[in-house]
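The file structure.txt contains compact mmCIF, C-alpha atoms and all ligand atoms:
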```txt
# COMPACT_ATOMS: atom_id res chain seq x y z
CA MET A 1369 11.66 -1.96 32.94
CA LYS A 1370 7.90 -2.29 33.26
CA TRP A 1371 6.47 -3.99 30.23
CA PRO A 1372 3.42 -2.66 28.44
CA GLY A 1373 0.37 -4.89 28.02
CA MET A 1374 1.11 -7.76 25.68
CA ALA A 1375 -0.49 -11.07 24.82
CA TRP A 1376 2.02 -13.30 23.12
CA ILE A 1377 2.04 -16.09 20.56
CA GLY A 1378 5.52 -17.59 20.60
CA GLY A 1379 7.15 -20.76 19.36
CA ALA A 1380 8.91 -22.09 16.32
CA PRO A 1381 8.48 -21.48 12.57
CA GLY A 1382 5.91 -23.57 10.75
CA ALA A 1383 3.32 -23.70 13.50
CA GLY A 1384 1.07 -21.12 11.87
CA LYS A 1385 1.85 -18.36 14.39
CA SER A 1386 1.49 -15.47 11.95
CA THR A 1387 -1.74 -16.65 10.41
CA ILE A 1388 -3.30 -17.45 13.76
CA ALA A 1389 -2.21 -14.14 15.31
CA ARG A 1390 -3.57 -12.18 12.37
CA ASP A 1391 -6.85 -14.06 12.50
CA LEU A 1392 -7.29 -13.65 16.25
CA ALA A 1393 -6.33 -9.97 16.19
CA ARG A 1394 -8.91 -9.23 13.51
CA ARG A 1395 -11.68 -11.26 15.08
CA GLY A 1396 -10.92 -9.98 18.58
CA ASP A 1397 -10.19 -6.33 17.63
CA LEU A 1398 -6.71 -6.61 19.10
CA PRO A 1399 -3.69 -4.59 18.05
CA LEU A 1400 -1.46 -6.92 16.04
CA HIS A 1401 2.29 -6.80 16.55
CA PRO A 1402 4.27 -9.33 14.45
CA ILE A 1403 7.94 -8.85 15.38
CA ASP A 1404 8.94 -9.73 11.82
CA LEU A 1405 7.64 -6.34 10.76
CA TRP A 1406 10.27 -4.69 12.94
CA THR A 1407 13.26 -6.73 11.74
CA TYR A 1408 14.95 -3.86 9.93
CA ALA A 1409 13.82 -1.22 12.39
CA HIS A 1410 15.48 -3.22 15.17
CA LEU A 1411 18.79 -3.66 13.32
CA ASP A 1412 19.52 0.04 13.76
CA ARG A 1413 18.83 -0.16 17.47
CA LEU A 1414 20.87 -3.27 18.26
CA PRO A 1415 24.62 -3.66 18.69
CA PRO A 1416 26.25 -5.13 15.56
CA LEU A 1417 25.15 -8.75 15.28
CA ARG A 1418 27.27 -11.67 14.19
CA PRO A 1419 26.01 -13.09 10.91
CA LEU A 1420 23.70 -16.06 11.41
CA ALA A 1421 26.00 -18.17 9.20
CA GLU A 1422 28.83 -17.74 11.71
CA ASP A 1423 26.63 -18.75 14.62
CA LEU A 1424 25.48 -21.82 12.71
CA ALA A 1425 29.04 -22.72 11.78
CA ALA A 1426 29.81 -22.88 15.51
CA GLY A 1427 27.18 -25.62 15.89
CA PRO A 1428 23.42 -25.76 16.50
CA GLN A 1429 23.68 -25.46 20.30
CA TYR A 1430 25.85 -22.37 19.96
CA ALA A 1431 23.41 -20.92 17.42
CA ALA A 1432 20.44 -21.62 19.71
CA ASP A 1433 22.16 -19.82 22.60
CA ALA A 1434 23.03 -16.93 20.32
CA PHE A 1435 19.39 -16.73 19.22
CA VAL A 1436 18.27 -16.48 22.84
CA ASP A 1437 20.84 -13.73 23.56
CA ILE A 1438 19.58 -11.65 20.65
CA ALA A 1439 15.98 -12.42 21.57
CA ARG A 1440 16.57 -10.92 25.03
CA LEU A 1441 17.87 -7.70 23.48
CA ARG A 1442 14.98 -7.56 21.06
CA LEU A 1443 12.39 -8.04 23.79
CA ASP A 1444 13.31 -4.66 25.25
CA LEU A 1445 12.86 -3.11 21.83
CA VAL A 1446 9.50 -4.85 21.40
CA ALA A 1447 8.39 -3.44 24.74
CA GLU A 1448 9.41 0.05 23.57
CA ASP A 1449 7.57 -0.40 20.27
CA VAL A 1450 4.39 -1.57 21.96
CA ARG A 1451 4.55 1.23 24.52
CA GLU A 1452 4.82 3.71 21.66
CA ARG A 1453 1.48 2.44 20.34
CA ASP A 1454 -0.21 3.87 23.43
CA LEU A 1455 -2.84 1.17 23.70
CA GLY A 1456 -4.18 1.82 27.18
CA ASP A 1457 -5.59 -1.35 28.71
CA VAL A 1458 -5.71 -3.30 25.47
CA PRO A 1459 -2.76 -5.67 25.08
CA ALA A 1460 -0.95 -5.90 21.77
CA LEU A 1461 -1.08 -9.40 20.32
CA VAL A 1462 2.64 -9.94 19.77
CA GLU A 1463 3.81 -12.76 17.56
CA GLY A 1464 7.38 -13.99 17.33
CA PRO A 1465 9.79 -16.63 18.60
CA GLN A 1466 11.77 -14.22 20.81
CA LEU A 1467 9.89 -14.76 24.06
CA LEU A 1468 10.74 -17.90 26.02
CA PRO A 1469 8.66 -19.11 28.98
CA SER A 1470 11.50 -18.25 31.40
CA MET A 1471 11.38 -14.61 30.24
CA ALA A 1472 7.62 -14.23 30.35
CA ASP A 1473 6.82 -13.32 33.95
CA SER A 1474 5.31 -10.01 32.83
CA VAL A 1475 3.27 -11.62 30.07
CA PRO A 1476 0.47 -13.59 31.71
CA ALA A 1477 -1.37 -14.20 28.43
CA ALA A 1478 1.05 -16.24 26.33
CA VAL A 1479 0.95 -19.43 24.30
CA TRP A 1480 3.80 -21.24 22.55
CA LEU A 1481 3.05 -23.09 19.32
CA LEU A 1482 5.44 -25.91 18.56
CA PRO A 1483 5.19 -27.65 15.22
CA ASP A 1484 6.05 -31.16 14.31
CA ALA A 1485 9.66 -31.22 12.97
CA GLU A 1486 8.48 -32.02 9.43
CA GLN A 1487 6.25 -28.94 9.52
CA THR A 1488 9.19 -26.73 10.54
CA ARG A 1489 11.23 -28.11 7.64
CA ARG A 1490 8.42 -27.35 5.20
CA ALA A 1491 8.05 -23.79 6.56
CA ARG A 1492 11.80 -23.16 6.33
CA GLU A 1493 11.89 -24.50 2.76
CA GLU A 1494 8.95 -22.34 1.70
CA ARG A 1495 10.53 -19.27 3.23
CA LEU A 1496 13.79 -19.97 1.42
CA ALA A 1497 12.01 -20.47 -1.88
CA ARG A 1498 10.32 -17.09 -1.37
CA VAL A 1499 13.41 -15.08 -0.63
CA GLU A 1500 15.76 -16.94 -3.04
CA ASP A 1501 18.57 -17.27 -0.57
CA PRO A 1502 21.11 -19.86 -1.83
CA GLU A 1503 23.25 -19.58 1.30
CA GLY A 1504 20.14 -20.16 3.35
CA ARG A 1505 19.57 -23.41 1.51
CA ALA A 1506 23.10 -24.57 2.27
CA ARG A 1507 22.61 -23.97 5.97
CA LEU A 1508 19.07 -25.38 6.13
CA GLU A 1509 20.09 -28.48 8.08
CA SER A 1510 21.95 -26.50 10.74
CA LEU A 1511 19.03 -24.10 11.00
CA LEU A 1512 16.65 -27.01 11.54
CA ALA A 1513 18.94 -28.48 14.19
CA ARG A 1514 18.98 -25.09 15.94
CA ASP A 1515 15.16 -24.85 15.70
CA ALA A 1516 14.84 -28.30 17.29
CA ILE A 1517 17.03 -27.26 20.23
CA LEU A 1518 15.00 -24.08 20.72
CA ALA A 1519 11.69 -26.00 20.57
CA GLU A 1520 12.98 -28.43 23.17
CA ARG A 1521 13.99 -25.54 25.38
CA VAL A 1522 10.51 -24.01 25.10
CA ARG A 1523 8.95 -27.35 26.06
CA ARG A 1524 11.23 -27.74 29.06
CA GLU A 1525 10.78 -24.18 30.29
CA ALA A 1526 7.02 -24.22 29.73
CA ALA A 1527 6.78 -27.34 31.86
CA SER A 1528 8.80 -25.83 34.69
CA TYR A 1529 7.07 -22.41 34.56
CA GLY A 1530 3.61 -23.88 34.09
CA ARG A 1531 2.98 -22.19 30.72
CA VAL A 1532 0.80 -23.28 27.82
CA VAL A 1533 2.33 -25.09 24.86
CA VAL A 1534 0.24 -26.11 21.88
CA GLU A 1535 1.82 -28.93 19.88
CA VAL A 1536 0.96 -28.67 16.20
CA PRO A 1537 0.98 -32.06 14.43
CA ALA A 1538 2.02 -32.64 10.81
CA ALA A 1539 -1.60 -32.59 9.58
CA PRO A 1540 -3.19 -30.19 12.03
CA ASP A 1541 -6.86 -29.65 12.70
CA TRP A 1542 -6.48 -25.87 12.53
CA ALA A 1543 -9.80 -25.12 14.19
CA ASP A 1544 -8.64 -27.14 17.17
CA VAL A 1545 -5.21 -25.46 17.24
CA VAL A 1546 -6.82 -22.00 17.11
CA GLN A 1547 -9.25 -22.93 19.88
CA ARG A 1548 -6.39 -24.04 22.11
CA VAL A 1549 -4.59 -20.76 21.49
CA VAL A 1550 -7.75 -18.81 22.32
CA ASP A 1551 -8.22 -20.81 25.52
CA GLY A 1552 -4.56 -20.36 26.42
CA LEU A 1553 -4.68 -16.60 26.02
CA GLY A 1554 -7.92 -16.20 27.92
CA SER A 1555 -10.32 -13.33 27.43
CA LEU A 1556 -8.72 -10.04 26.37
CA PRO A 1557 -10.08 -6.50 26.15
CA ARG A 1558 -10.77 -5.18 22.63
CA LEU A 1559 -9.95 -1.96 20.85
CA GLN A 1560 -12.86 0.38 20.57
CA ALA A 1561 -14.47 0.06 17.14
CA GLY A 1562 -14.27 3.16 14.97
CA ASP A 1563 -11.35 5.56 15.10
CA GLU A 1564 -9.21 3.66 17.59
CA LEU A 1565 -9.48 0.42 15.62
CA ARG A 1566 -8.80 2.24 12.34
CA ARG A 1567 -5.78 3.98 13.78
CA GLN A 1568 -4.23 0.74 15.00
CA ARG A 1569 -4.86 -1.08 11.71
CA GLN A 1570 -3.25 1.80 9.85
CA TYR A 1571 -0.28 1.74 12.21
CA GLU A 1572 0.16 -1.96 11.44
CA ASN A 1573 -0.17 -1.36 7.70
CA LEU A 1574 2.45 1.39 7.83
CA ALA A 1575 4.78 -0.93 9.75
CA GLY A 1576 4.29 -3.47 6.92
CA CYS A 1577 5.11 -0.78 4.34
CA ARG A 1578 8.24 0.29 6.17
CA GLN A 1579 9.50 -3.26 6.58
CA GLY A 1580 8.74 -4.03 2.91
CA ARG A 1581 10.61 -0.95 1.69
CA LEU A 1582 13.64 -1.59 3.90
CA TRP A 1583 13.74 -5.20 2.75
CA GLN A 1584 13.51 -4.07 -0.87
CA ALA A 1585 16.38 -1.61 -0.41
CA ASP A 1586 18.49 -4.15 1.49
CA ARG A 1587 18.08 -6.78 -1.21
CA GLY A 1588 18.18 -4.34 -4.09
CA LEU A 1589 14.87 -5.62 -5.46
CA ALA A 1590 13.04 -3.81 -8.24
CA GLU A 1591 9.68 -4.66 -6.68
CA VAL A 1592 8.31 -6.10 -3.46
CA PRO A 1593 5.68 -8.84 -3.56
CA PRO A 1594 2.15 -7.74 -2.62
CA TYR A 1595 1.37 -7.61 1.07
CA PRO A 1596 -2.03 -8.31 2.72
CA PHE A 1597 -2.99 -4.90 4.13
CA ALA A 1598 -5.73 -4.88 6.75
CA CYS A 1599 -8.95 -3.03 6.08
CA GLU A 1600 -9.02 0.24 8.02
CA CYS A 1601 -12.80 0.63 8.07
CA GLY A 1602 -12.91 0.50 11.87
CA THR A 1603 -15.76 -2.04 11.98
CA SER A 1604 -15.45 -4.54 14.81
CA GLY A 1605 -14.29 -7.95 13.57
CA CYS A 1606 -13.50 -6.83 10.01
CA ALA A 1607 -10.98 -9.32 8.62
CA VAL A 1608 -10.93 -8.16 5.01
CA THR A 1609 -7.50 -7.64 3.50
CA TRP A 1610 -6.28 -5.96 0.38
CA MET A 1611 -3.20 -7.17 -1.49
CA GLY A 1612 -0.84 -4.54 -2.77
CA THR A 1613 2.66 -3.13 -2.68
CA PRO A 1614 3.58 -0.30 -0.29
CA GLY A 1615 3.37 2.19 -3.17
CA GLU A 1616 -0.07 0.95 -4.20
CA TYR A 1617 -1.21 1.18 -0.60
CA ASP A 1618 -0.16 4.84 -0.40
CA VAL A 1619 -2.09 5.64 -3.56
CA ARG A 1620 -5.19 3.73 -2.56
CA ARG A 1621 -5.33 5.20 0.93
CA GLY A 1622 -4.53 8.74 -0.12
CA GLU A 1623 -4.87 10.96 2.92
CA GLY A 1624 -7.58 8.80 4.42
CA TRP A 1625 -8.20 5.19 5.38
CA LEU A 1626 -7.86 2.02 3.38
CA THR A 1627 -11.27 0.46 2.88
CA ALA A 1628 -10.83 -2.98 1.42
CA HIS A 1629 -14.48 -3.63 0.55
CA PRO A 1630 -17.33 -1.53 -0.86
CA ALA A 1631 -19.26 -1.34 2.41
CA CYS A 1632 -19.32 -2.98 5.81
ZN ZN A 1701 -13.48 -3.39 6.80
```
Show me this structure written as structure tokens.
Amino acid sequence: MKWPGMAWIGGAPGAGKSTIARDLARRGDLPLHPIDLWTYAHLDRLPPLRPLAEDLAAGPQYAADAFVDIARLRLDLVAEDVRERDLGDVPALVEGPQLLPSMADSVPAAVWLLPDAEQTRRAREERLARVEDPEGRARLESLLARDAILAERVRREAASYGRVVVEVPAAPDWADVVQRVVDGLGSLPRLQAGDELRRQRQYENLAGCRQGRLWQADRGLAEVPPYPFACECGTSGCAVTWMGTPGEYDVRRGEGWLTAHPAC
């Protein structure tokens, strides 16, 4: 299958992938495509998956291999999702751990962020605290062992395929990390300011709403925490966000566009 245009930020949890991707997409007027926002949408389109707990119980190496198998399946879905966005020559800035250097022949602009192990632990712990997942806590150590195996695999493959890895230390100089990601991705075309930019930001916001609602239903939550919706004003480089729930977003946007500031 021919892949649509994608620039990719891959790597392990805790390296700041999401924040950096969001920041670069907004500054560079790029369509943003965090795979996390398609977690539930993909479940319906994948064969039934073994629960993560079972994979982890079989050992970290087994769980790492299982992760890569699922990642391969999800990559096809990501390509379909990006194609559906109909972006022309502008690549979507995709962010997620699913792409490994050995799978990235069709993705010339890609960077893998690999955090210091302590940083990964902190990120995993924060995520667990957020979603209140007691079973997750019990399997934290196995998850970290799996993450370490995956990070090592990315390092090894990146070296043999000549791809860019950015190592993120425990106390990172973020400006430096971001600059290395920018250099690694190279110069990318931008969305046209105005309607095209608005449309893509709205598409991303709606993906956030859908994921939030599916998560809420899956967990049986009364409310979802506020989500940082992107301003849909269409101004080049606008990085303003507005925090709200999916329901509040619908109300605020009405039939039009979300403007997150009085004027740009
Ligand atoms: Zn704006």
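For the atom pair formed by atom CA of A:Trp1480 and atom CA of A:Leu1455, the distance is 23.4 Å, given to one decimal.
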Nearest to ligand ZN 1701 (chain A) by atom-to-atom distance, counting all atoms listed in the file, from A:Arg1620, A:Arg1566, A:Arg1418, A:Arg1498: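 Comparing A:Arg1620, A:Arg1566, A:Arg1418, A:Arg1498 against ligand ZN 1701 (chain A), the winner is A:Arg1566.
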Taking (2.8, -8.3, 23.5) in the file's coordinates as the center, which residues reach within 7 Å of it, counting only C-alpha atoms, put as a short mmCIF file (atom, residue, chain, number, x, y, z; two decimals) with C-alpha atoms, in the coordinates of the input?
```cif
data_model
loop_
_atom_site.label_atom_id
_atom_site.label_comp_id
_atom_site.auth_asym_id
_atom_site.auth_seq_id
_atom_site.Cartn_x
_atom_site.Cartn_y
_atom_site.Cartn_z
CA GLY A 1373 0.37 -4.89 28.02
CA MET A 1374 1.11 -7.76 25.68
CA ALA A 1375 -0.49 -11.07 24.82
CA TRP A 1376 2.02 -13.30 23.12
CA PRO A 1459 -2.76 -5.67 25.08
CA ALA A 1460 -0.95 -5.90 21.77
CA LEU A 1461 -1.08 -9.40 20.32
CA VAL A 1462 2.64 -9.94 19.77
#
```
Which residues are near ligand ZN 1701 (chain A) - at most 7 Å, using all atoms listed in the file? Format: as a list of chain:residue names. A:Cys1599, A:Glu1600, A:Cys1601, A:Gly1602, A:Thr1603, A:Cys1606, A:Ala1607, A:Val1608, A:Thr1627, A:Ala1628, A:His1629, A:Cys1632
Please compute the atom CA of A:Val1546-atom CA of A:Leu1392 distance, one decimal, in Å.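 Atom CA of A:Val1546 sits 8.4 Å away from atom CA of A:Leu1392.
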With only C-alpha atoms as the atoms that count, which of A:Glu1572, A:Asp1397, A:Asp1437, A:Asp1541 lies nearest to A:Pro1415?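 Result for the nearest residue to A:Pro1415: A:Asp1437.
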As an exercise, work out the distance from atom CA of A:Ser1386 to atom CA of A:Leu1589 in Å and give it to one decimal place.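 Pair atom CA of A:Ser1386 / atom CA of A:Leu1589 returns 24.1 Å.
In this comparison, which uses only C-alpha atoms, the residue of A:Asp1449, A:Asp1391, A:Glu1503, A:Asp1444 approaching A:Ala1575 most closely is A:Asp1449.
Using all atoms listed in the file, the protein and nucleic acid residues lying no more than 8 Å from A:Arg1489, apart from those fewer than 4 places from it along its own chain, are Gly1382, Ala1485, Glu1493 and Leu1512 of chain A.
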Within 12 Å of A:Ala1425 using all atoms listed in the file, minus same-chain residues under 3 positions, as JSON, numbers by chain: {"A": [1418, 1419, 1420, 1421, 1422, 1428, 1429, 1430, 1431, 1432, 1434, 1506, 1507, 1508, 1509, 1510, 1511, 1513, 1514]}
Have stretch 1432-1449 of chain A completed to N, CA and C atoms, please, and pass it along as a PDB file, in the frame of the given file.
```pdb
ATOM      1  N   ALA A1432      21.667 -21.754  18.905  1.00  0.00           N
ATOM      2  CA  ALA A1432      20.440 -21.620  19.710  1.00  0.00           C
ATOM      3  C   ALA A1432      20.684 -20.640  20.857  1.00  0.00           C
ATOM      4  N   ASP A1433      21.837 -20.753  21.515  1.00  0.00           N
ATOM      5  CA  ASP A1433      22.160 -19.820  22.600  1.00  0.00           C
ATOM      6  C   ASP A1433      22.271 -18.391  22.076  1.00  0.00           C
ATOM      7  N   ALA A1434      22.886 -18.261  20.909  1.00  0.00           N
ATOM      8  CA  ALA A1434      23.030 -16.930  20.320  1.00  0.00           C
ATOM      9  C   ALA A1434      21.655 -16.339  19.999  1.00  0.00           C
ATOM     10  N   PHE A1435      20.750 -17.197  19.513  1.00  0.00           N
ATOM     11  CA  PHE A1435      19.390 -16.730  19.220  1.00  0.00           C
ATOM     12  C   PHE A1435      18.743 -16.186  20.491  1.00  0.00           C
ATOM     13  N   VAL A1436      18.898 -16.904  21.582  1.00  0.00           N
ATOM     14  CA  VAL A1436      18.270 -16.480  22.840  1.00  0.00           C
ATOM     15  C   VAL A1436      18.882 -15.158  23.324  1.00  0.00           C
ATOM     16  N   ASP A1437      20.193 -15.000  23.168  1.00  0.00           N
ATOM     17  CA  ASP A1437      20.840 -13.730  23.560  1.00  0.00           C
ATOM     18  C   ASP A1437      20.259 -12.556  22.779  1.00  0.00           C
ATOM     19  N   ILE A1438      20.122 -12.739  21.475  1.00  0.00           N
ATOM     20  CA  ILE A1438      19.580 -11.650  20.650  1.00  0.00           C
ATOM     21  C   ILE A1438      18.104 -11.428  20.990  1.00  0.00           C
ATOM     22  N   ALA A1439      17.402 -12.533  21.236  1.00  0.00           N
ATOM     23  CA  ALA A1439      15.980 -12.420  21.570  1.00  0.00           C
ATOM     24  C   ALA A1439      15.797 -11.533  22.808  1.00  0.00           C
ATOM     25  N   ARG A1440      16.649 -11.733  23.806  1.00  0.00           N
ATOM     26  CA  ARG A1440      16.570 -10.920  25.030  1.00  0.00           C
ATOM     27  C   ARG A1440      16.711  -9.439  24.707  1.00  0.00           C
ATOM     28  N   LEU A1441      17.671  -9.102  23.858  1.00  0.00           N
ATOM     29  CA  LEU A1441      17.870  -7.700  23.480  1.00  0.00           C
ATOM     30  C   LEU A1441      16.647  -7.175  22.741  1.00  0.00           C
ATOM     31  N   ARG A1442      16.109  -8.032  21.872  1.00  0.00           N
ATOM     32  CA  ARG A1442      14.980  -7.560  21.060  1.00  0.00           C
ATOM     33  C   ARG A1442      13.717  -7.399  21.893  1.00  0.00           C
ATOM     34  N   LEU A1443      13.592  -8.171  22.964  1.00  0.00           N
ATOM     35  CA  LEU A1443      12.390  -8.040  23.790  1.00  0.00           C
ATOM     36  C   LEU A1443      12.258  -6.639  24.355  1.00  0.00           C
ATOM     37  N   ASP A1444      13.370  -6.037  24.752  1.00  0.00           N
ATOM     38  CA  ASP A1444      13.310  -4.660  25.250  1.00  0.00           C
ATOM     39  C   ASP A1444      12.818  -3.718  24.152  1.00  0.00           C
ATOM     40  N   LEU A1445      13.283  -3.956  22.943  1.00  0.00           N
ATOM     41  CA  LEU A1445      12.860  -3.110  21.830  1.00  0.00           C
ATOM     42  C   LEU A1445      11.370  -3.310  21.538  1.00  0.00           C
ATOM     43  N   VAL A1446      10.923  -4.573  21.631  1.00  0.00           N
ATOM     44  CA  VAL A1446       9.500  -4.850  21.400  1.00  0.00           C
ATOM     45  C   VAL A1446       8.661  -4.109  22.439  1.00  0.00           C
ATOM     46  N   ALA A1447       9.124  -4.145  23.695  1.00  0.00           N
ATOM     47  CA  ALA A1447       8.390  -3.440  24.740  1.00  0.00           C
ATOM     48  C   ALA A1447       8.320  -1.945  24.432  1.00  0.00           C
ATOM     49  N   GLU A1448       9.425  -1.379  23.943  1.00  0.00           N
ATOM     50  CA  GLU A1448       9.410   0.050  23.570  1.00  0.00           C
ATOM     51  C   GLU A1448       8.422   0.297  22.425  1.00  0.00           C
ATOM     52  N   ASP A1449       8.459  -0.575  21.430  1.00  0.00           N
ATOM     53  CA  ASP A1449       7.570  -0.400  20.270  1.00  0.00           C
ATOM     54  C   ASP A1449       6.104  -0.455  20.697  1.00  0.00           C
TER      55      ASP A1449
END
```
